[in-house]
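Trainee: Dropping a structure here in structure tokens format, bear with me for questions.
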Amino acid sequence: MTEGGIIHRFIEANGIRMHIAEQGSGTLVLLLHGFPETWYSWRHQIPVLAAAGFHAVAPDLRGHGDTDSPSDVQAYTAFHSVGDMIGLLDALGQEKAFVVGHDYGALLAWYLSILRPDRVKAVAALCVPAIIRKREGSLVEKLDQFYGKGFYISRFQEPGRAEAEFARLDVKTVMKKFFVFFSQNNLAAKEDQDLLDVVEEPETLPWISEDELNQYVVKFRKSGFTGAVNYYRMMQWNWEHMSPWTDTGTLVPALYIVGDQDSSHGIPGIKEFIDGGDFVKFVPNLKGIVVIPGGHFIQQECPHEVNKHLTNFLAEHL
């Protein structure tokens with residue numbers, strides 16, 4: 001199917017049926033979305049990258065949109081996700097690709113560049129810097145210590161709780177609240193409070209139309225949120241099983257883009273990692289840290305700025 005120049009099709013990769021949206025020809029650029037999103041979060045980037053001479057491919061990650069959603073939570077580890085991307089590269093007949101990720105799509109992009117740097121030309125991460133596996137404990141453990149069990153990642157660990165909380169609301173309300181939630185300072189609820197009760201539902205969002213919002217609503221009504229939340233439920237497992245890569249970064253060229261109002265900067269240790277020198281230590285070919293006005297969903301909120309920095313970076317590393 002073709003939609004506004006974007007072609008939609010299904011491929012078999014790593015044992016699952018994966019939906020991809022693609023446009024253009026040339027060097028492959030994989031665009032990995034985050035939570036709670038689908039390929040559609042890259043709607044502003046795909047045609048621009050295609051016009052710049054790249055083959056832009058945005059998959060629905062497993063558990064999202066029209067891609068298969070395995071029922072087993074253990075099917076959402078970092079190794080499964082990296083396997084999906086390698087399977088996608090193989091299915092497209094490409095040895096290497098640029099990899100661009102946002103939110104936990106950025107985390108997956110970093111994992112791919114650490115575990116299979118031979119398949120990555122360069123990586124551009126939006127909002128999430130490289131999360132390096134450290135000996136002193138996992139991110140989940142650190143968040144529990146700092147926030148208690150009310151932080152959204154901690155809350156997501158409990159099987160079924162997030163889904164039950166979301167079920168109190170219609171899907172459109174869940175989407176609108178999350179789009180506000182991730183661009184505020186408070187990412188934690190009280191113990192007796194549902195997570196999304198910490199934000200009011202906005203009447204409108206300045207960077208997404210009603211029709212665009214409904215593109216997400218339709219897909220999450222179909223898929224539910226379990227597959228998406230399962231990525232968080234595997235974060236502790238990932239830390240435990242990534243022990244061979246303790247204190248290991250990546251040598252591939254990298255770019256980091258973040259909004260100045262993004263809530264991720266407030267997470268304990270993130271700002272210190274970026275500003276204190278560890279980011280460059282573990283990603284020595286980091287070509288830039290770009291801070292632009294905007295919140296967490298930066299490629300949708302500020303597409304022109306993001307597109308400019310992305311296309312320049314990719315062109316420099318062909």
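Naming works like this for the structure tokens: A, B, ... for the chains as they're shown, residue 1 at the start of each chain, ligands 1 onward in shown order.
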Which polymer residues have any atom within 8 Å of an atom of range 149-156 of chain A, counting only C-alpha atoms, with same-chain residues fewer than 6 positions away left out, as a CSV table (one decimal) with all heavy atoms, in the first residue's frame?
Mentor:
chain,number,residue,atom,x,y,z
A,140,VAL,N,16.7,0.5,36.7
A,140,VAL,CA,15.5,0.2,37.4
A,140,VAL,C,15.7,0.3,38.9
A,140,VAL,O,15.0,0.9,39.7
A,140,VAL,CB,14.9,-1.2,37.0
A,140,VAL,CG1,13.7,-1.5,37.9
A,140,VAL,CG2,14.5,-1.2,35.6
A,143,LEU,N,16.3,3.9,40.0
A,143,LEU,CA,15.0,4.7,40.0
A,143,LEU,C,14.2,4.3,41.2
A,143,LEU,O,13.5,5.2,41.8
A,143,LEU,CB,14.3,4.4,38.7
A,143,LEU,CG,15.0,5.0,37.4
A,143,LEU,CD1,14.2,4.5,36.2
A,143,LEU,CD2,15.1,6.5,37.4
A,162,ALA,N,-0.2,-1.5,34.8
A,162,ALA,CA,-0.3,-0.4,33.8
A,162,ALA,C,-1.5,-0.5,32.9
A,162,ALA,O,-2.3,0.4,32.7
A,162,ALA,CB,0.9,-0.2,33.0
A,187,LEU,N,7.4,12.7,36.9
A,187,LEU,CA,7.2,11.4,36.2
A,187,LEU,C,6.8,10.3,37.1
A,187,LEU,O,6.9,9.1,36.8
A,187,LEU,CB,8.5,11.0,35.4
A,187,LEU,CG,8.9,12.0,34.3
A,187,LEU,CD1,10.2,11.5,33.6
A,187,LEU,CD2,7.8,12.2,33.2
A,188,ALA,N,6.4,10.7,38.3
A,188,ALA,CA,6.1,9.7,39.4
A,188,ALA,C,4.7,10.0,40.0
A,188,ALA,O,4.3,11.1,40.1
A,188,ALA,CB,7.2,9.6,40.4
A,189,ALA,N,4.0,8.9,40.3
A,189,ALA,CA,2.7,9.0,41.0
A,189,ALA,C,2.9,8.6,42.5
A,189,ALA,O,3.9,7.9,42.8
A,189,ALA,CB,1.7,8.1,40.3
A,190,LYS,N,1.9,9.0,43.3
A,190,LYS,CA,1.9,8.5,44.7
A,190,LYS,C,1.5,7.0,44.6
A,190,LYS,O,0.9,6.5,43.7
A,190,LYS,CB,1.0,9.3,45.5
A,190,LYS,CG,1.4,10.8,45.6
A,190,LYS,CD,0.3,11.6,46.4
A,190,LYS,CE,0.7,13.0,46.4
A,190,LYS,NZ,-0.3,13.8,47.1
A,191,GLU,N,1.8,6.3,45.7
A,191,GLU,CA,1.5,4.9,45.8
A,191,GLU,C,0.0,4.5,45.5
A,191,GLU,O,-0.3,3.5,44.8
A,191,GLU,CB,1.9,4.3,47.1
A,191,GLU,CG,1.7,2.8,47.3
A,191,GLU,CD,2.5,2.0,46.2
A,191,GLU,OE1,3.6,2.4,45.9
A,191,GLU,OE2,2.0,0.9,45.8
A,195,LEU,N,-0.9,6.3,37.6
A,195,LEU,CA,0.2,7.1,37.0
A,195,LEU,C,-0.3,8.3,36.2
A,195,LEU,O,0.2,9.4,36.4
A,195,LEU,CB,1.0,6.1,36.0
A,195,LEU,CG,2.2,6.8,35.4
A,195,LEU,CD1,3.3,7.1,36.4
A,195,LEU,CD2,2.8,5.8,34.4
A,229,VAL,N,4.6,-1.9,26.8
A,229,VAL,CA,5.1,-1.8,28.2
A,229,VAL,C,6.1,-2.9,28.5
A,229,VAL,O,6.9,-2.8,29.4
A,229,VAL,CB,3.9,-1.8,29.2
A,229,VAL,CG1,4.3,-1.9,30.6
A,229,VAL,CG2,3.0,-0.6,29.0
A,232,TYR,N,9.8,-2.2,28.9
A,232,TYR,CA,10.2,-1.7,30.3
A,232,TYR,C,10.3,-2.9,31.2
A,232,TYR,O,11.2,-2.8,32.1
A,232,TYR,CB,9.2,-0.7,30.8
A,232,TYR,CG,9.1,0.6,30.0
A,232,TYR,CD1,8.1,0.8,29.0
A,232,TYR,CD2,10.1,1.6,30.2
A,232,TYR,CE1,8.1,1.9,28.3
A,232,TYR,CE2,10.0,2.8,29.4
A,232,TYR,CZ,9.0,2.9,28.5
A,232,TYR,OH,8.9,4.1,27.7
A,233,ARG,N,9.5,-3.8,31.1
A,233,ARG,CA,9.5,-5.0,32.0
A,233,ARG,C,10.7,-5.8,31.8
A,233,ARG,O,11.1,-6.6,32.7
A,233,ARG,CB,8.2,-5.8,31.9
A,233,ARG,CG,7.0,-5.1,32.3
A,233,ARG,CD,5.7,-5.8,32.1
A,233,ARG,NE,4.6,-5.1,32.7
A,233,ARG,CZ,3.4,-5.0,32.2
A,233,ARG,NH1,3.1,-5.7,31.0
A,233,ARG,NH2,2.4,-4.3,32.7
Trainee: Give me, as a count of residues only, the residues of range 146-312 of chain A that a backbone DSSP run labels alpha helix (DSSP H).
Mentor: 79
Trainee: Pick out the closest residue to Glu158 in chain A from this set: A:Trp245, A:Thr226, A:Phe35, A:Ala315. Count only C-alpha atoms.
Mentor: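 Closest residue, counting only C-alpha atoms: A:Thr226.
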Trainee: Write out as a list in words each polymer residue whose atoms come within 9 Å of Asn238 in chain A, counting only C-alpha atoms; drop sequence neighbours fewer than 5 positions from it.
Mentor: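 Using only C-alpha atoms, the neighbours found are Thr77, Ala78, Phe79 and Ser243 of chain A.
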Trainee: Write out as a list in words the residues lying within 7 Å of range 107-111 of chain A, counting only C-alpha atoms and excluding same-chain residues fewer than 2 positions away.
Mentor: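 Here the answer would be Ala78, Ser81, Val82, Val99, Val100, Gly101, Asp103, Tyr104, Gly105, Ser113, Ile114, Leu115, Val123, Val128 and Ala130 of chain A.
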Trainee: How about saving the chosen residues, all heavy atoms kept, as an mmCIF file, in the first residue's frame?
Mentor:
data_model
loop_
_atom_site.group_PDB
_atom_site.id
_atom_site.type_symbol
_atom_site.label_atom_id
_atom_site.label_comp_id
_atom_site.auth_asym_id
_atom_site.auth_seq_id
_atom_site.Cartn_x
_atom_site.Cartn_y
_atom_site.Cartn_z
ATOM 1 N N ALA A 78 16.266 -6.872 24.955
ATOM 2 C CA ALA A 78 17.111 -6.126 24.027
ATOM 3 C C ALA A 78 17.651 -7.036 22.930
ATOM 4 O O ALA A 78 17.814 -6.602 21.779
ATOM 5 C CB ALA A 78 18.268 -5.477 24.784
ATOM 6 N N SER A 81 15.063 -7.434 20.253
ATOM 7 C CA SER A 81 14.924 -6.217 19.456
ATOM 8 C C SER A 81 16.097 -6.028 18.499
ATOM 9 O O SER A 81 15.906 -5.663 17.338
ATOM 10 C CB SER A 81 14.793 -5.003 20.382
ATOM 11 O OG SER A 81 13.627 -5.097 21.176
ATOM 12 N N VAL A 82 17.311 -6.273 18.999
ATOM 13 C CA VAL A 82 18.473 -6.192 18.118
ATOM 14 C C VAL A 82 18.358 -7.252 17.021
ATOM 15 O O VAL A 82 18.652 -6.999 15.850
ATOM 16 C CB VAL A 82 19.779 -6.350 18.917
ATOM 17 C CG1 VAL A 82 20.980 -6.531 17.984
ATOM 18 C CG2 VAL A 82 19.988 -5.137 19.814
ATOM 19 N N VAL A 99 21.164 4.326 11.884
ATOM 20 C CA VAL A 99 20.091 3.988 12.810
ATOM 21 C C VAL A 99 19.746 5.236 13.620
ATOM 22 O O VAL A 99 20.611 5.830 14.267
ATOM 23 C CB VAL A 99 20.488 2.843 13.759
ATOM 24 C CG1 VAL A 99 19.297 2.445 14.622
ATOM 25 C CG2 VAL A 99 20.980 1.641 12.963
ATOM 26 N N VAL A 100 18.483 5.621 13.555
ATOM 27 C CA VAL A 100 17.979 6.788 14.276
ATOM 28 C C VAL A 100 16.887 6.301 15.219
ATOM 29 O O VAL A 100 15.969 5.598 14.803
ATOM 30 C CB VAL A 100 17.400 7.833 13.302
ATOM 31 C CG1 VAL A 100 16.897 9.060 14.066
ATOM 32 C CG2 VAL A 100 18.435 8.239 12.253
ATOM 33 N N GLY A 101 16.989 6.649 16.494
ATOM 34 C CA GLY A 101 16.006 6.182 17.452
ATOM 35 C C GLY A 101 15.531 7.286 18.369
ATOM 36 O O GLY A 101 16.274 8.230 18.666
ATOM 37 N N ASP A 103 13.352 7.896 22.183
ATOM 38 C CA ASP A 103 12.840 7.283 23.394
ATOM 39 C C ASP A 103 13.436 5.875 23.507
ATOM 40 O O ASP A 103 14.640 5.711 23.360
ATOM 41 C CB ASP A 103 11.306 7.282 23.374
ATOM 42 C CG ASP A 103 10.674 6.863 24.684
ATOM 43 O OD1 ASP A 103 10.750 7.636 25.648
ATOM 44 O OD2 ASP A 103 10.098 5.762 24.735
ATOM 45 N N TYR A 104 12.648 4.826 23.762
ATOM 46 C CA TYR A 104 13.312 3.530 23.863
ATOM 47 C C TYR A 104 13.727 3.004 22.503
ATOM 48 O O TYR A 104 14.530 2.077 22.412
ATOM 49 C CB TYR A 104 12.571 2.504 24.694
ATOM 50 C CG TYR A 104 11.203 1.999 24.298
ATOM 51 C CD1 TYR A 104 10.887 1.621 23.007
ATOM 52 C CD2 TYR A 104 10.239 1.828 25.280
ATOM 53 C CE1 TYR A 104 9.643 1.121 22.701
ATOM 54 C CE2 TYR A 104 8.982 1.329 24.980
ATOM 55 C CZ TYR A 104 8.691 0.969 23.674
ATOM 56 O OH TYR A 104 7.460 0.458 23.376
ATOM 57 N N GLY A 105 13.287 3.637 21.419
ATOM 58 C CA GLY A 105 13.890 3.361 20.116
ATOM 59 C C GLY A 105 15.340 3.818 20.083
ATOM 60 O O GLY A 105 16.187 3.193 19.438
ATOM 61 N N SER A 113 24.176 -0.630 18.229
ATOM 62 C CA SER A 113 25.522 -0.142 17.921
ATOM 63 C C SER A 113 26.576 -0.755 18.834
ATOM 64 O O SER A 113 27.752 -0.825 18.469
ATOM 65 C CB SER A 113 25.565 1.392 18.027
ATOM 66 O OG SER A 113 25.472 1.821 19.370
ATOM 67 N N ILE A 114 26.169 -1.206 20.030
ATOM 68 C CA ILE A 114 27.102 -1.861 20.956
ATOM 69 C C ILE A 114 27.253 -3.341 20.617
ATOM 70 O O ILE A 114 28.370 -3.881 20.597
ATOM 71 C CB ILE A 114 26.625 -1.675 22.410
ATOM 72 C CG1 ILE A 114 26.753 -0.215 22.839
ATOM 73 C CG2 ILE A 114 27.400 -2.584 23.364
ATOM 74 C CD1 ILE A 114 26.090 0.110 24.168
ATOM 75 N N LEU A 115 26.127 -4.011 20.341
ATOM 76 C CA LEU A 115 26.155 -5.453 20.109
ATOM 77 C C LEU A 115 26.553 -5.826 18.689
ATOM 78 O O LEU A 115 27.181 -6.863 18.481
ATOM 79 C CB LEU A 115 24.783 -6.057 20.435
ATOM 80 C CG LEU A 115 24.302 -5.909 21.885
ATOM 81 C CD1 LEU A 115 22.891 -6.457 22.029
ATOM 82 C CD2 LEU A 115 25.249 -6.618 22.844
ATOM 83 N N VAL A 123 24.862 6.314 14.401
ATOM 84 C CA VAL A 123 23.631 6.302 15.186
ATOM 85 C C VAL A 123 23.284 7.732 15.598
ATOM 86 O O VAL A 123 24.154 8.513 15.982
ATOM 87 C CB VAL A 123 23.761 5.394 16.436
ATOM 88 C CG1 VAL A 123 24.872 5.861 17.352
ATOM 89 C CG2 VAL A 123 22.451 5.300 17.183
ATOM 90 N N VAL A 128 17.322 10.084 24.468
ATOM 91 C CA VAL A 128 17.922 9.113 25.390
ATOM 92 C C VAL A 128 19.397 8.925 25.039
ATOM 93 O O VAL A 128 19.716 8.423 23.954
ATOM 94 C CB VAL A 128 17.191 7.758 25.336
ATOM 95 C CG1 VAL A 128 17.896 6.732 26.214
ATOM 96 C CG2 VAL A 128 15.735 7.923 25.764
ATOM 97 N N ALA A 130 23.295 7.283 25.494
ATOM 98 C CA ALA A 130 23.731 5.894 25.648
ATOM 99 C C ALA A 130 23.603 5.469 27.110
ATOM 100 O O ALA A 130 24.103 6.143 28.014
ATOM 101 C CB ALA A 130 25.177 5.746 25.186
#
Trainee: I'd like to know which of A:Gly259, A:Glu141, A:Pro59, A:Phe225 is closest to Pro303 in chain A, using only C-alpha atoms.
Mentor: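 Smallest distance to Pro303 in chain A is found for A:Gly259.
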Trainee: Within 7 Å of Phe282 in chain A, counting only C-alpha atoms, which residues show up once you throw out same-chain ones fewer than 3 positions away? Write them as a ChimeraX atom specification, please.
Mentor: /A:248-250,278-279
Trainee: Those residues you just picked out, can you put them in a file as an mmCIF file, in the first residue's frame with N, CA and C atoms?
Mentor:
data_model
loop_
_atom_site.group_PDB
_atom_site.id
_atom_site.type_symbol
_atom_site.label_atom_id
_atom_site.label_comp_id
_atom_site.auth_asym_id
_atom_site.auth_seq_id
_atom_site.Cartn_x
_atom_site.Cartn_y
_atom_site.Cartn_z
ATOM 1 N N THR A 248 30.915 -0.963 28.467
ATOM 2 C CA THR A 248 31.195 -0.984 27.037
ATOM 3 C C THR A 248 30.304 0.026 26.319
ATOM 4 N N GLY A 249 30.927 0.892 25.541
ATOM 5 C CA GLY A 249 30.195 1.851 24.735
ATOM 6 C C GLY A 249 30.243 1.467 23.275
ATOM 7 N N THR A 250 30.263 2.468 22.407
ATOM 8 C CA THR A 250 30.302 2.210 20.975
ATOM 9 C C THR A 250 31.248 3.172 20.297
ATOM 10 N N ASP A 278 31.207 11.315 30.855
ATOM 11 C CA ASP A 278 31.071 9.884 30.585
ATOM 12 C C ASP A 278 30.452 9.600 29.215
ATOM 13 N N PHE A 279 29.576 10.470 28.760
ATOM 14 C CA PHE A 279 28.960 10.268 27.449
ATOM 15 C C PHE A 279 30.050 10.200 26.377
#
Trainee: Please identify all polymer residues within 8 Å of Arg62 in chain A, counting only C-alpha atoms, omitting same-chain residues fewer than 6 positions from it, and present them as a PyMOL selection string.
Mentor: chain A and resi 16+18+68-70+76+81+227
Trainee: Can you spit out the residues from that selection as a PDB file, in the first residue's frame, using all heavy atoms?
Mentor:
ATOM      1  N   ILE A  16       9.194 -12.980  13.255  1.00  0.00           N
ATOM      2  CA  ILE A  16       7.939 -12.241  13.379  1.00  0.00           C
ATOM      3  C   ILE A  16       7.597 -11.569  12.052  1.00  0.00           C
ATOM      4  O   ILE A  16       8.453 -11.371  11.197  1.00  0.00           O
ATOM      5  CB  ILE A  16       7.989 -11.173  14.497  1.00  0.00           C
ATOM      6  CG1 ILE A  16       9.040 -10.097  14.180  1.00  0.00           C
ATOM      7  CG2 ILE A  16       8.238 -11.810  15.850  1.00  0.00           C
ATOM      8  CD1 ILE A  16       8.984  -8.906  15.133  1.00  0.00           C
ATOM      9  N   MET A  18       6.686  -8.242  10.419  1.00  0.00           N
ATOM     10  CA  MET A  18       6.934  -6.852  10.773  1.00  0.00           C
ATOM     11  C   MET A  18       6.373  -5.916   9.708  1.00  0.00           C
ATOM     12  O   MET A  18       6.613  -6.103   8.514  1.00  0.00           O
ATOM     13  CB  MET A  18       8.445  -6.616  10.931  1.00  0.00           C
ATOM     14  CG  MET A  18       8.830  -5.198  11.313  1.00  0.00           C
ATOM     15  SD  MET A  18      10.641  -4.986  11.410  1.00  0.00           S
ATOM     16  CE  MET A  18      11.022  -6.053  12.810  1.00  0.00           C
ATOM     17  N   ASP A  68       3.748  -8.050  14.636  1.00  0.00           N
ATOM     18  CA  ASP A  68       3.345  -9.083  15.587  1.00  0.00           C
ATOM     19  C   ASP A  68       3.626  -8.664  17.032  1.00  0.00           C
ATOM     20  O   ASP A  68       4.626  -7.989  17.311  1.00  0.00           O
ATOM     21  CB  ASP A  68       4.084 -10.397  15.300  1.00  0.00           C
ATOM     22  CG  ASP A  68       3.564 -11.107  14.062  1.00  0.00           C
ATOM     23  OD1 ASP A  68       2.512 -10.698  13.536  1.00  0.00           O
ATOM     24  OD2 ASP A  68       4.217 -12.073  13.621  1.00  0.00           O
ATOM     25  N   SER A  69       2.760  -9.117  17.917  1.00  0.00           N
ATOM     26  CA  SER A  69       2.905  -8.849  19.350  1.00  0.00           C
ATOM     27  C   SER A  69       2.972 -10.172  20.107  1.00  0.00           C
ATOM     28  O   SER A  69       1.935 -10.712  20.523  1.00  0.00           O
ATOM     29  CB  SER A  69       1.717  -8.025  19.866  1.00  0.00           C
ATOM     30  OG  SER A  69       1.645  -6.767  19.230  1.00  0.00           O
ATOM     31  N   PRO A  70       4.160 -10.730  20.284  1.00  0.00           N
ATOM     32  CA  PRO A  70       4.257 -11.981  21.060  1.00  0.00           C
ATOM     33  C   PRO A  70       3.664 -11.802  22.450  1.00  0.00           C
ATOM     34  O   PRO A  70       3.787 -10.737  23.070  1.00  0.00           O
ATOM     35  CB  PRO A  70       5.766 -12.234  21.119  1.00  0.00           C
ATOM     36  CG  PRO A  70       6.330 -11.493  19.941  1.00  0.00           C
ATOM     37  CD  PRO A  70       5.467 -10.288  19.775  1.00  0.00           C
ATOM     38  N   TYR A  76      10.577  -9.653  24.670  1.00  0.00           N
ATOM     39  CA  TYR A  76      10.799  -8.219  24.474  1.00  0.00           C
ATOM     40  C   TYR A  76      12.145  -7.765  25.042  1.00  0.00           C
ATOM     41  O   TYR A  76      12.319  -6.612  25.421  1.00  0.00           O
ATOM     42  CB  TYR A  76       9.647  -7.421  25.099  1.00  0.00           C
ATOM     43  CG  TYR A  76       8.346  -7.639  24.361  1.00  0.00           C
ATOM     44  CD1 TYR A  76       7.531  -8.738  24.651  1.00  0.00           C
ATOM     45  CD2 TYR A  76       7.945  -6.788  23.340  1.00  0.00           C
ATOM     46  CE1 TYR A  76       6.353  -8.967  23.962  1.00  0.00           C
ATOM     47  CE2 TYR A  76       6.766  -7.002  22.640  1.00  0.00           C
ATOM     48  CZ  TYR A  76       5.974  -8.096  22.956  1.00  0.00           C
ATOM     49  OH  TYR A  76       4.810  -8.328  22.252  1.00  0.00           O
ATOM     50  N   SER A  81      15.063  -7.434  20.253  1.00  0.00           N
ATOM     51  CA  SER A  81      14.924  -6.217  19.456  1.00  0.00           C
ATOM     52  C   SER A  81      16.097  -6.028  18.499  1.00  0.00           C
ATOM     53  O   SER A  81      15.906  -5.663  17.338  1.00  0.00           O
ATOM     54  CB  SER A  81      14.793  -5.003  20.382  1.00  0.00           C
ATOM     55  OG  SER A  81      13.627  -5.097  21.176  1.00  0.00           O
ATOM     56  N   GLY A 227       2.326  -5.038  24.836  1.00  0.00           N
ATOM     57  CA  GLY A 227       3.586  -5.213  24.118  1.00  0.00           C
ATOM     58  C   GLY A 227       4.514  -4.038  24.315  1.00  0.00           C
ATOM     59  O   GLY A 227       5.724  -4.203  24.540  1.00  0.00           O
TER      60      GLY A 227
END
Trainee: Hey, which of A:Val217, A:Ala122, A:Ile131, A:Leu88 ends up closest to His64 in chain A? Count only C-alpha atoms.
Mentor: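 Looking at the shortest contact to His64 in chain A, the residue is A:Val217.
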Trainee: Using only C-alpha atoms, which of A:Gln299, A:Arg161, A:Pro293, A:Ile11 sits nearest Leu31 in chain A?
Mentor: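 Closest to Leu31 in chain A of all the choices is A:Gln299.
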Trainee: Have a look at A:Glu12, A:Glu240, A:Glu201, A:Asp192 and name the one nearest to Gly83 in chain A; count only C-alpha atoms.
Mentor: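 Using only C-alpha atoms, the shortest distance to Gly83 in chain A belongs to A:Glu12.
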Trainee: Check the smallest atom-to-atom distance from each of A:Pro117, A:Asp84, A:Gly294, A:Pro36 to Lys177 in chain A using only C-alpha atoms, then report the winner.
Mentor: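 Checking each candidate against Lys177 in chain A, we get A:Pro36 as the closest.
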Trainee: Quick one: distance from CA of Leu139 in chain A to CA of Gly269 in chain A in Å, one decimal?
Mentor: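 Separation between CA of Leu139 in chain A and CA of Gly269 in chain A: 9.4 Å.
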Trainee: Based on the backbone DSSP call, show me all residues of range 157-275 of chain A assigned strand (DSSP E or B), as JSON, numbers by chain.
Mentor: {"A": [188, 205, 208, 254, 255, 256, 257, 258, 259]}
Trainee: May I have the residues from that selection written out with N, CA and C atoms, as an mmCIF file, in the first residue's frame?
Mentor:
data_model
loop_
_atom_site.group_PDB
_atom_site.id
_atom_site.type_symbol
_atom_site.label_atom_id
_atom_site.label_comp_id
_atom_site.auth_asym_id
_atom_site.auth_seq_id
_atom_site.Cartn_x
_atom_site.Cartn_y
_atom_site.Cartn_z
ATOM 1 N N ALA A 188 6.410 10.654 38.333
ATOM 2 C CA ALA A 188 6.086 9.651 39.358
ATOM 3 C C ALA A 188 4.727 9.950 39.971
ATOM 4 N N LEU A 205 -3.194 19.481 21.628
ATOM 5 C CA LEU A 205 -1.740 19.549 21.707
ATOM 6 C C LEU A 205 -1.254 20.399 20.535
ATOM 7 N N ILE A 208 0.316 18.310 17.287
ATOM 8 C CA ILE A 208 -0.314 17.164 16.653
ATOM 9 C C ILE A 208 -1.799 17.462 16.442
ATOM 10 N N ALA A 254 28.203 9.177 16.273
ATOM 11 C CA ALA A 254 26.917 9.340 16.941
ATOM 12 C C ALA A 254 26.545 10.812 17.052
ATOM 13 N N LEU A 255 25.234 11.039 17.095
ATOM 14 C CA LEU A 255 24.673 12.369 17.318
ATOM 15 C C LEU A 255 23.576 12.243 18.356
ATOM 16 N N TYR A 256 23.488 13.217 19.258
ATOM 17 C CA TYR A 256 22.449 13.222 20.287
ATOM 18 C C TYR A 256 21.655 14.507 20.170
ATOM 19 N N ILE A 257 20.326 14.365 20.060
ATOM 20 C CA ILE A 257 19.420 15.509 19.955
ATOM 21 C C ILE A 257 18.407 15.420 21.085
ATOM 22 N N VAL A 258 18.190 16.539 21.773
ATOM 23 C CA VAL A 258 17.252 16.527 22.896
ATOM 24 C C VAL A 258 16.565 17.883 22.987
ATOM 25 N N GLY A 259 15.318 17.874 23.456
ATOM 26 C CA GLY A 259 14.599 19.114 23.686
ATOM 27 C C GLY A 259 14.935 19.710 25.036
#
Trainee: Within 10 Å of Val306 in chain A, counting only C-alpha atoms, which residues qualify if same-chain residues fewer than 3 places away don't, as a PyMOL selection string?
Mentor: chain A and resi 44-45+126+257-258+290+292+298-303+309-311
Trainee: Store the residues picked out above, limited to C-alpha atoms, as a short mmCIF file (atom, residue, chain, number, x, y, z; two decimals), in the first residue's frame.
Mentor:
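Below is the file that was written, again17.cif:
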data_model
loop_
_atom_site.label_atom_id
_atom_site.label_comp_id
_atom_site.auth_asym_id
_atom_site.auth_seq_id
_atom_site.Cartn_x
_atom_site.Cartn_y
_atom_site.Cartn_z
CA HIS A 44 7.80 14.27 9.24
CA GLN A 45 11.22 12.67 8.68
CA LEU A 126 16.78 11.50 20.25
CA ILE A 257 19.42 15.51 19.96
CA VAL A 258 17.25 16.53 22.90
CA VAL A 290 22.20 19.29 20.04
CA ILE A 292 16.73 22.56 20.72
CA ILE A 298 11.03 16.32 19.59
CA GLN A 299 10.87 14.93 16.05
CA GLN A 300 7.14 15.67 15.98
CA GLU A 301 7.25 18.92 17.92
CA CYS A 302 10.18 20.47 16.02
CA PRO A 303 10.46 18.50 12.76
CA HIS A 309 20.45 18.20 12.04
CA LEU A 310 19.68 14.62 10.97
CA THR A 311 20.24 15.14 7.25
#
Trainee: Quote the spacing between CA of Phe220 in chain A and CA of Asp90 in chain A in Å to one decimal place.
Mentor: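 CA of Asp90 in chain A lies 28.2 Å from CA of Phe220 in chain A.
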